[in-house]
Amino acid sequence: MAWLVLFVSAALETVWATALGASDGFTVAGPTALFAVTIVVSLAAFGYVLKHIPISTAYAVWTGTGAALTVLWGMATGAEPVTFLRLLFIAGIVGCVVGLKLVPARPAAPTPEPGVTTAPQQSSRA
């Protein structure tokens, strides 16, 4: 569930970044309102995600996904040129995001057997 919320939050990052650009320095009411609402929801969702995914992974995925979606939106609307290299680099970002999703964020901690306690090690000096 946290990963789904992370991707929704990243998509909202695309919305608020685009709205910020269209707000003309917060002088246009509609984009300014859209920016305000979506940044609050995006960051609230990101805060939820951080309870479940380490920040190092979550932030990289959030910013990478948001950046890739923002560039793709710019291309789709004609604000950005569509070139082979741009698409290649976006594919690289997407590949890195997928890689971070597939690789465990933390190594699994060994679990002690039930009823077994470990005593502190003492050094033996001769």
# chains A, B, ... in the order shown; residues from 1 in each chain; ligands from 1

call {"tool": "select_by_dssp", "arguments": {"residues": "chain A", "states": "alpha helix (DSSP H)", "output": "JSON list (two decimals) with N, CA, C and O atoms, in the first residue's frame"}}
result
[["chain", "number", "residue", "atom", "x", "y", "z"],
["A", 2, "ALA", "N", 1.96, 1.23, 0.77],
["A", 2, "ALA", "CA", 2.82, 2.41, 0.86],
["A", 2, "ALA", "C", 3.42, 2.76, -0.51],
["A", 2, "ALA", "O", 3.57, 3.94, -0.84],
["A", 3, "TRP", "N", 3.76, 1.74, -1.29],
["A", 3, "TRP", "CA", 4.34, 2.02, -2.62],
["A", 3, "TRP", "C", 3.31, 2.67, -3.54],
["A", 3, "TRP", "O", 3.64, 3.57, -4.30],
["A", 4, "LEU", "N", 2.07, 2.23, -3.46],
["A", 4, "LEU", "CA", 1.01, 2.85, -4.26],
["A", 4, "LEU", "C", 0.84, 4.32, -3.86],
["A", 4, "LEU", "O", 0.75, 5.20, -4.72],
["A", 5, "VAL", "N", 0.81, 4.57, -2.56],
["A", 5, "VAL", "CA", 0.68, 5.95, -2.07],
["A", 5, "VAL", "C", 1.88, 6.78, -2.51],
["A", 5, "VAL", "O", 1.74, 7.95, -2.88],
["A", 6, "LEU", "N", 3.07, 6.17, -2.52],
["A", 6, "LEU", "CA", 4.27, 6.89, -2.97],
["A", 6, "LEU", "C", 4.14, 7.32, -4.42],
["A", 6, "LEU", "O", 4.46, 8.47, -4.77],
["A", 7, "PHE", "N", 3.66, 6.45, -5.28],
["A", 7, "PHE", "CA", 3.51, 6.80, -6.69],
["A", 7, "PHE", "C", 2.40, 7.83, -6.91],
["A", 7, "PHE", "O", 2.52, 8.71, -7.76],
["A", 8, "VAL", "N", 1.33, 7.76, -6.13],
["A", 8, "VAL", "CA", 0.28, 8.78, -6.21],
["A", 8, "VAL", "C", 0.84, 10.12, -5.75],
["A", 8, "VAL", "O", 0.61, 11.16, -6.38],
["A", 9, "SER", "N", 1.62, 10.11, -4.68],
["A", 9, "SER", "CA", 2.25, 11.33, -4.19],
["A", 9, "SER", "C", 3.19, 11.93, -5.23],
["A", 9, "SER", "O", 3.24, 13.15, -5.42],
["A", 10, "ALA", "N", 3.94, 11.08, -5.93],
["A", 10, "ALA", "CA", 4.84, 11.55, -6.99],
["A", 10, "ALA", "C", 4.05, 12.13, -8.16],
["A", 10, "ALA", "O", 4.46, 13.14, -8.75],
["A", 11, "ALA", "N", 2.92, 11.52, -8.48],
["A", 11, "ALA", "CA", 2.08, 12.06, -9.55],
["A", 11, "ALA", "C", 1.53, 13.43, -9.14],
["A", 11, "ALA", "O", 1.47, 14.35, -9.96],
["A", 12, "LEU", "N", 1.18, 13.58, -7.87],
["A", 12, "LEU", "CA", 0.72, 14.88, -7.38],
["A", 12, "LEU", "C", 1.86, 15.90, -7.40],
["A", 12, "LEU", "O", 1.62, 17.10, -7.57],
["A", 13, "GLU", "N", 3.09, 15.43, -7.23],
["A", 13, "GLU", "CA", 4.24, 16.33, -7.35],
["A", 13, "GLU", "C", 4.28, 16.93, -8.76],
["A", 13, "GLU", "O", 4.58, 18.11, -8.93],
["A", 14, "THR", "N", 3.99, 16.11, -9.74],
["A", 14, "THR", "CA", 3.93, 16.60, -11.12],
["A", 14, "THR", "C", 2.86, 17.67, -11.26],
["A", 14, "THR", "O", 3.08, 18.71, -11.90],
["A", 15, "VAL", "N", 1.71, 17.45, -10.65],
["A", 15, "VAL", "CA", 0.61, 18.41, -10.73],
["A", 15, "VAL", "C", 1.01, 19.72, -10.06],
["A", 15, "VAL", "O", 0.85, 20.80, -10.63],
["A", 16, "TRP", "N", 1.56, 19.64, -8.84],
["A", 16, "TRP", "CA", 1.87, 20.90, -8.17],
["A", 16, "TRP", "C", 3.03, 21.63, -8.81],
["A", 16, "TRP", "O", 3.06, 22.86, -8.84],
["A", 17, "ALA", "N", 4.00, 20.91, -9.36],
["A", 17, "ALA", "CA", 5.11, 21.58, -10.04],
["A", 17, "ALA", "C", 4.62, 22.28, -11.29],
["A", 17, "ALA", "O", 5.02, 23.42, -11.58],
["A", 18, "THR", "N", 3.74, 21.63, -12.03],
["A", 18, "THR", "CA", 3.18, 22.24, -13.23],
["A", 18, "THR", "C", 2.30, 23.44, -12.88],
["A", 18, "THR", "O", 2.37, 24.49, -13.53],
["A", 19, "ALA", "N", 1.51, 23.29, -11.83],
["A", 19, "ALA", "CA", 0.65, 24.40, -11.38],
["A", 19, "ALA", "C", 1.51, 25.57, -10.89],
["A", 19, "ALA", "O", 1.17, 26.74, -11.14],
["A", 20, "LEU", "N", 2.61, 25.27, -10.23],
["A", 20, "LEU", "CA", 3.50, 26.33, -9.77],
["A", 20, "LEU", "C", 4.03, 27.13, -10.95],
["A", 20, "LEU", "O", 4.05, 28.37, -10.91],
["A", 21, "GLY", "N", 4.43, 26.44, -12.00],
["A", 21, "GLY", "CA", 4.90, 27.13, -13.19],
["A", 21, "GLY", "C", 3.82, 27.99, -13.83],
["A", 21, "GLY", "O", 4.08, 29.09, -14.32],
["A", 22, "ALA", "N", 2.60, 27.48, -13.81],
["A", 22, "ALA", "CA", 1.49, 28.21, -14.44],
["A", 22, "ALA", "C", 0.94, 29.33, -13.56],
["A", 22, "ALA", "O", 0.19, 30.17, -14.04],
["A", 29, "ALA", "N", -4.91, 32.94, -9.97],
["A", 29, "ALA", "CA", -5.64, 32.26, -8.89],
["A", 29, "ALA", "C", -5.80, 30.76, -9.07],
["A", 29, "ALA", "O", -5.54, 29.98, -8.15],
["A", 30, "GLY", "N", -6.26, 30.32, -10.24],
["A", 30, "GLY", "CA", -6.53, 28.89, -10.45],
["A", 30, "GLY", "C", -5.31, 28.01, -10.23],
["A", 30, "GLY", "O", -5.34, 27.09, -9.40],
["A", 31, "PRO", "N", -4.22, 28.24, -10.94],
["A", 31, "PRO", "CA", -3.02, 27.42, -10.73],
["A", 31, "PRO", "C", -2.46, 27.56, -9.31],
["A", 31, "PRO", "O", -1.93, 26.59, -8.76],
["A", 32, "THR", "N", -2.59, 28.74, -8.72],
["A", 32, "THR", "CA", -2.10, 28.92, -7.35],
["A", 32, "THR", "C", -2.89, 28.05, -6.38],
["A", 32, "THR", "O", -2.31, 27.39, -5.50],
["A", 33, "ALA", "N", -4.21, 28.00, -6.53],
["A", 33, "ALA", "CA", -5.05, 27.16, -5.68],
["A", 33, "ALA", "C", -4.74, 25.68, -5.91],
["A", 33, "ALA", "O", -4.64, 24.91, -4.94],
["A", 34, "LEU", "N", -4.59, 25.30, -7.17],
["A", 34, "LEU", "CA", -4.26, 23.90, -7.48],
["A", 34, "LEU", "C", -2.91, 23.53, -6.87],
["A", 34, "LEU", "O", -2.76, 22.45, -6.29],
["A", 35, "PHE", "N", -1.94, 24.42, -6.97],
["A", 35, "PHE", "CA", -0.64, 24.20, -6.36],
["A", 35, "PHE", "C", -0.78, 23.98, -4.85],
["A", 35, "PHE", "O", -0.24, 23.02, -4.30],
["A", 36, "ALA", "N", -1.51, 24.87, -4.18],
["A", 36, "ALA", "CA", -1.64, 24.80, -2.72],
["A", 36, "ALA", "C", -2.28, 23.48, -2.28],
["A", 36, "ALA", "O", -1.80, 22.84, -1.33],
["A", 37, "VAL", "N", -3.33, 23.07, -2.95],
["A", 37, "VAL", "CA", -4.02, 21.83, -2.56],
["A", 37, "VAL", "C", -3.15, 20.61, -2.84],
["A", 37, "VAL", "O", -2.99, 19.74, -1.97],
["A", 38, "THR", "N", -2.58, 20.55, -4.03],
["A", 38, "THR", "CA", -1.84, 19.33, -4.38],
["A", 38, "THR", "C", -0.52, 19.21, -3.64],
["A", 38, "THR", "O", -0.09, 18.09, -3.34],
["A", 39, "ILE", "N", 0.13, 20.30, -3.29],
["A", 39, "ILE", "CA", 1.38, 20.17, -2.53],
["A", 39, "ILE", "C", 1.09, 19.67, -1.11],
["A", 39, "ILE", "O", 1.84, 18.85, -0.57],
["A", 40, "VAL", "N", 0.00, 20.13, -0.52],
["A", 40, "VAL", "CA", -0.36, 19.66, 0.83],
["A", 40, "VAL", "C", -0.69, 18.18, 0.80],
["A", 40, "VAL", "O", -0.20, 17.39, 1.62],
["A", 41, "VAL", "N", -1.50, 17.75, -0.16],
["A", 41, "VAL", "CA", -1.88, 16.33, -0.26],
["A", 41, "VAL", "C", -0.66, 15.48, -0.59],
["A", 41, "VAL", "O", -0.45, 14.42, 0.00],
["A", 42, "SER", "N", 0.17, 15.95, -1.50],
["A", 42, "SER", "CA", 1.36, 15.21, -1.90],
["A", 42, "SER", "C", 2.31, 15.01, -0.71],
["A", 42, "SER", "O", 2.80, 13.90, -0.48],
["A", 43, "LEU", "N", 2.56, 16.08, 0.04],
["A", 43, "LEU", "CA", 3.48, 15.96, 1.17],
["A", 43, "LEU", "C", 2.87, 15.16, 2.32],
["A", 43, "LEU", "O", 3.59, 14.44, 3.02],
["A", 44, "ALA", "N", 1.56, 15.26, 2.52],
["A", 44, "ALA", "CA", 0.91, 14.45, 3.55],
["A", 44, "ALA", "C", 1.02, 12.97, 3.19],
["A", 44, "ALA", "O", 1.33, 12.13, 4.04],
["A", 45, "ALA", "N", 0.80, 12.66, 1.93],
["A", 45, "ALA", "CA", 0.94, 11.26, 1.48],
["A", 45, "ALA", "C", 2.39, 10.80, 1.62],
["A", 45, "ALA", "O", 2.66, 9.67, 2.05],
["A", 46, "PHE", "N", 3.32, 11.67, 1.28],
["A", 46, "PHE", "CA", 4.74, 11.32, 1.41],
["A", 46, "PHE", "C", 5.10, 11.09, 2.87],
["A", 46, "PHE", "O", 5.86, 10.18, 3.19],
["A", 47, "GLY", "N", 4.54, 11.87, 3.77],
["A", 47, "GLY", "CA", 4.76, 11.65, 5.20],
["A", 47, "GLY", "C", 4.26, 10.28, 5.64],
["A", 47, "GLY", "O", 4.92, 9.60, 6.44],
["A", 48, "TYR", "N", 3.11, 9.87, 5.13],
["A", 48, "TYR", "CA", 2.60, 8.53, 5.43],
["A", 48, "TYR", "C", 3.57, 7.46, 4.92],
["A", 48, "TYR", "O", 3.87, 6.49, 5.62],
["A", 49, "VAL", "N", 4.07, 7.66, 3.71],
["A", 49, "VAL", "CA", 4.98, 6.69, 3.10],
["A", 49, "VAL", "C", 6.23, 6.50, 3.96],
["A", 49, "VAL", "O", 6.74, 5.38, 4.10],
["A", 55, "ILE", "N", 13.51, 6.69, 4.13],
["A", 55, "ILE", "CA", 13.51, 7.97, 3.40],
["A", 55, "ILE", "C", 14.50, 7.96, 2.24],
["A", 55, "ILE", "O", 14.23, 8.56, 1.21],
["A", 56, "SER", "N", 15.62, 7.27, 2.38],
["A", 56, "SER", "CA", 16.60, 7.25, 1.29],
["A", 56, "SER", "C", 15.99, 6.67, 0.02],
["A", 56, "SER", "O", 16.19, 7.20, -1.08],
["A", 57, "THR", "N", 15.24, 5.62, 0.14],
["A", 57, "THR", "CA", 14.58, 5.00, -1.01],
["A", 57, "THR", "C", 13.36, 5.81, -1.43],
["A", 57, "THR", "O", 13.18, 6.11, -2.62],
["A", 58, "ALA", "N", 12.52, 6.16, -0.47],
["A", 58, "ALA", "CA", 11.27, 6.86, -0.79],
["A", 58, "ALA", "C", 11.53, 8.19, -1.47],
["A", 58, "ALA", "O", 10.87, 8.52, -2.46],
["A", 59, "TYR", "N", 12.50, 8.95, -0.98],
["A", 59, "TYR", "CA", 12.75, 10.27, -1.57],
["A", 59, "TYR", "C", 13.29, 10.15, -2.99],
["A", 59, "TYR", "O", 12.90, 10.89, -3.88],
["A", 60, "ALA", "N", 14.19, 9.19, -3.20],
["A", 60, "ALA", "CA", 14.73, 8.99, -4.55],
["A", 60, "ALA", "C", 13.63, 8.58, -5.53],
["A", 60, "ALA", "O", 13.56, 9.09, -6.65],
["A", 61, "VAL", "N", 12.75, 7.69, -5.11],
["A", 61, "VAL", "CA", 11.65, 7.26, -5.97],
["A", 61, "VAL", "C", 10.68, 8.41, -6.20],
["A", 61, "VAL", "O", 10.23, 8.65, -7.32],
["A", 62, "TRP", "N", 10.37, 9.15, -5.15],
["A", 62, "TRP", "CA", 9.41, 10.27, -5.23],
["A", 62, "TRP", "C", 9.91, 11.34, -6.19],
["A", 62, "TRP", "O", 9.19, 11.77, -7.09],
["A", 63, "THR", "N", 11.15, 11.77, -6.01],
["A", 63, "THR", "CA", 11.66, 12.83, -6.87],
["A", 63, "THR", "C", 11.91, 12.34, -8.29],
["A", 63, "THR", "O", 11.63, 13.06, -9.26],
["A", 64, "GLY", "N", 12.41, 11.12, -8.43],
["A", 64, "GLY", "CA", 12.66, 10.58, -9.76],
["A", 64, "GLY", "C", 11.38, 10.41, -10.56],
["A", 64, "GLY", "O", 11.29, 10.80, -11.72],
["A", 65, "THR", "N", 10.38, 9.84, -9.91],
["A", 65, "THR", "CA", 9.10, 9.64, -10.57],
["A", 65, "THR", "C", 8.44, 10.97, -10.89],
["A", 65, "THR", "O", 7.93, 11.18, -12.00],
["A", 66, "GLY", "N", 8.47, 11.89, -9.94],
["A", 66, "GLY", "CA", 7.88, 13.20, -10.17],
["A", 66, "GLY", "C", 8.58, 13.94, -11.30],
["A", 66, "GLY", "O", 7.92, 14.55, -12.15],
["A", 67, "ALA", "N", 9.90, 13.87, -11.34],
["A", 67, "ALA", "CA", 10.65, 14.54, -12.41],
["A", 67, "ALA", "C", 10.33, 13.92, -13.77],
["A", 67, "ALA", "O", 10.09, 14.64, -14.75],
["A", 68, "ALA", "N", 10.34, 12.60, -13.84],
["A", 68, "ALA", "CA", 10.05, 11.93, -15.11],
["A", 68, "ALA", "C", 8.64, 12.25, -15.59],
["A", 68, "ALA", "O", 8.43, 12.55, -16.78],
["A", 69, "LEU", "N", 7.67, 12.21, -14.69],
["A", 69, "LEU", "CA", 6.29, 12.52, -15.08],
["A", 69, "LEU", "C", 6.13, 13.98, -15.50],
["A", 69, "LEU", "O", 5.37, 14.29, -16.43],
["A", 70, "THR", "N", 6.86, 14.87, -14.84],
["A", 70, "THR", "CA", 6.78, 16.29, -15.20],
["A", 70, "THR", "C", 7.32, 16.52, -16.60],
["A", 70, "THR", "O", 6.72, 17.25, -17.41],
["A", 71, "VAL", "N", 8.44, 15.89, -16.93],
["A", 71, "VAL", "CA", 9.00, 16.04, -18.28],
["A", 71, "VAL", "C", 8.07, 15.40, -19.31],
["A", 71, "VAL", "O", 7.82, 15.97, -20.37],
["A", 72, "LEU", "N", 7.54, 14.23, -18.99],
["A", 72, "LEU", "CA", 6.60, 13.58, -19.92],
["A", 72, "LEU", "C", 5.36, 14.44, -20.13],
["A", 72, "LEU", "O", 4.85, 14.54, -21.26],
["A", 73, "TRP", "N", 4.87, 15.09, -19.08],
["A", 73, "TRP", "CA", 3.72, 15.98, -19.21],
["A", 73, "TRP", "C", 4.07, 17.16, -20.11],
["A", 73, "TRP", "O", 3.29, 17.55, -20.98],
["A", 74, "GLY", "N", 5.25, 17.70, -19.91],
["A", 74, "GLY", "CA", 5.70, 18.80, -20.77],
["A", 74, "GLY", "C", 5.79, 18.38, -22.23],
["A", 74, "GLY", "O", 5.42, 19.15, -23.13],
["A", 75, "MET", "N", 6.24, 17.16, -22.47],
["A", 75, "MET", "CA", 6.30, 16.65, -23.84],
["A", 75, "MET", "C", 4.90, 16.45, -24.41],
["A", 75, "MET", "O", 4.63, 16.77, -25.56],
["A", 76, "ALA", "N", 4.00, 15.91, -23.58],
["A", 76, "ALA", "CA", 2.64, 15.62, -24.04],
["A", 76, "ALA", "C", 1.88, 16.90, -24.38],
["A", 76, "ALA", "O", 1.04, 16.90, -25.30],
["A", 77, "THR", "N", 2.18, 17.98, -23.67],
["A", 77, "THR", "CA", 1.47, 19.24, -23.92],
["A", 77, "THR", "C", 2.18, 20.12, -24.94],
["A", 77, "THR", "O", 1.67, 21.19, -25.29],
["A", 84, "PHE", "N", 14.88, 11.71, -28.91],
["A", 84, "PHE", "CA", 15.34, 10.38, -28.53],
["A", 84, "PHE", "C", 16.11, 10.42, -27.21],
["A", 84, "PHE", "O", 15.90, 9.60, -26.32],
["A", 85, "LEU", "N", 17.02, 11.38, -27.08],
["A", 85, "LEU", "CA", 17.84, 11.46, -25.86],
["A", 85, "LEU", "C", 17.00, 11.75, -24.62],
["A", 85, "LEU", "O", 17.22, 11.17, -23.56],
["A", 86, "ARG", "N", 16.03, 12.64, -24.75],
["A", 86, "ARG", "CA", 15.14, 12.92, -23.60],
["A", 86, "ARG", "C", 14.40, 11.65, -23.18],
["A", 86, "ARG", "O", 14.31, 11.34, -22.00],
["A", 87, "LEU", "N", 13.86, 10.93, -24.14],
["A", 87, "LEU", "CA", 13.16, 9.69, -23.83],
["A", 87, "LEU", "C", 14.10, 8.65, -23.23],
["A", 87, "LEU", "O", 13.73, 7.92, -22.31],
["A", 88, "LEU", "N", 15.32, 8.59, -23.74],
["A", 88, "LEU", "CA", 16.31, 7.66, -23.20],
["A", 88, "LEU", "C", 16.63, 7.97, -21.74],
["A", 88, "LEU", "O", 16.67, 7.07, -20.89],
["A", 89, "PHE", "N", 16.83, 9.24, -21.44],
["A", 89, "PHE", "CA", 17.16, 9.62, -20.07],
["A", 89, "PHE", "C", 15.97, 9.42, -19.13],
["A", 89, "PHE", "O", 16.14, 9.04, -17.96],
["A", 90, "ILE", "N", 14.76, 9.67, -19.61],
["A", 90, "ILE", "CA", 13.58, 9.39, -18.79],
["A", 90, "ILE", "C", 13.48, 7.89, -18.53],
["A", 90, "ILE", "O", 13.16, 7.47, -17.42],
["A", 91, "ALA", "N", 13.77, 7.09, -19.54],
["A", 91, "ALA", "CA", 13.77, 5.63, -19.35],
["A", 91, "ALA", "C", 14.81, 5.24, -18.30],
["A", 91, "ALA", "O", 14.58, 4.32, -17.50],
["A", 92, "GLY", "N", 15.93, 5.94, -18.28],
["A", 92, "GLY", "CA", 16.95, 5.68, -17.26],
["A", 92, "GLY", "C", 16.43, 5.98, -15.86],
["A", 92, "GLY", "O", 16.66, 5.20, -14.92],
["A", 93, "ILE", "N", 15.72, 7.09, -15.71],
["A", 93, "ILE", "CA", 15.13, 7.42, -14.41],
["A", 93, "ILE", "C", 14.13, 6.36, -14.00],
["A", 93, "ILE", "O", 14.13, 5.87, -12.86],
["A", 94, "VAL", "N", 13.27, 5.98, -14.93],
["A", 94, "VAL", "CA", 12.25, 4.96, -14.64],
["A", 94, "VAL", "C", 12.93, 3.63, -14.27],
["A", 94, "VAL", "O", 12.52, 2.96, -13.31],
["A", 95, "GLY", "N", 13.99, 3.28, -14.98],
["A", 95, "GLY", "CA", 14.73, 2.05, -14.65],
["A", 95, "GLY", "C", 15.31, 2.10, -13.26],
["A", 95, "GLY", "O", 15.28, 1.10, -12.52],
["A", 96, "CYS", "N", 15.84, 3.24, -12.87],
["A", 96, "CYS", "CA", 16.39, 3.38, -11.52],
["A", 96, "CYS", "C", 15.29, 3.28, -10.46],
["A", 96, "CYS", "O", 15.49, 2.66, -9.41],
["A", 97, "VAL", "N", 14.15, 3.88, -10.73],
["A", 97, "VAL", "CA", 13.02, 3.80, -9.79],
["A", 97, "VAL", "C", 12.57, 2.35, -9.63],
["A", 97, "VAL", "O", 12.36, 1.87, -8.51],
["A", 98, "VAL", "N", 12.45, 1.64, -10.74],
["A", 98, "VAL", "CA", 12.07, 0.22, -10.67],
["A", 98, "VAL", "C", 13.12, -0.56, -9.90],
["A", 98, "VAL", "O", 12.79, -1.40, -9.05],
["A", 99, "GLY", "N", 14.39, -0.27, -10.13],
["A", 99, "GLY", "CA", 15.46, -0.95, -9.41],
["A", 99, "GLY", "C", 15.37, -0.73, -7.91],
["A", 99, "GLY", "O", 15.54, -1.66, -7.12],
["A", 100, "LEU", "N", 15.09, 0.50, -7.50],
["A", 100, "LEU", "CA", 14.96, 0.77, -6.07],
["A", 100, "LEU", "C", 13.75, 0.06, -5.48],
["A", 100, "LEU", "O", 13.77, -0.32, -4.30],
["A", 101, "LYS", "N", 12.72, -0.13, -6.27],
["A", 101, "LYS", "CA", 11.55, -0.87, -5.79],
["A", 101, "LYS", "C", 11.87, -2.35, -5.63],
["A", 101, "LYS", "O", 11.42, -3.00, -4.69],
["A", 102, "LEU", "N", 12.68, -2.89, -6.54],
["A", 102, "LEU", "CA", 12.96, -4.33, -6.52],
["A", 102, "LEU", "C", 14.01, -4.74, -5.49],
["A", 102, "LEU", "O", 13.97, -5.85, -4.98]]
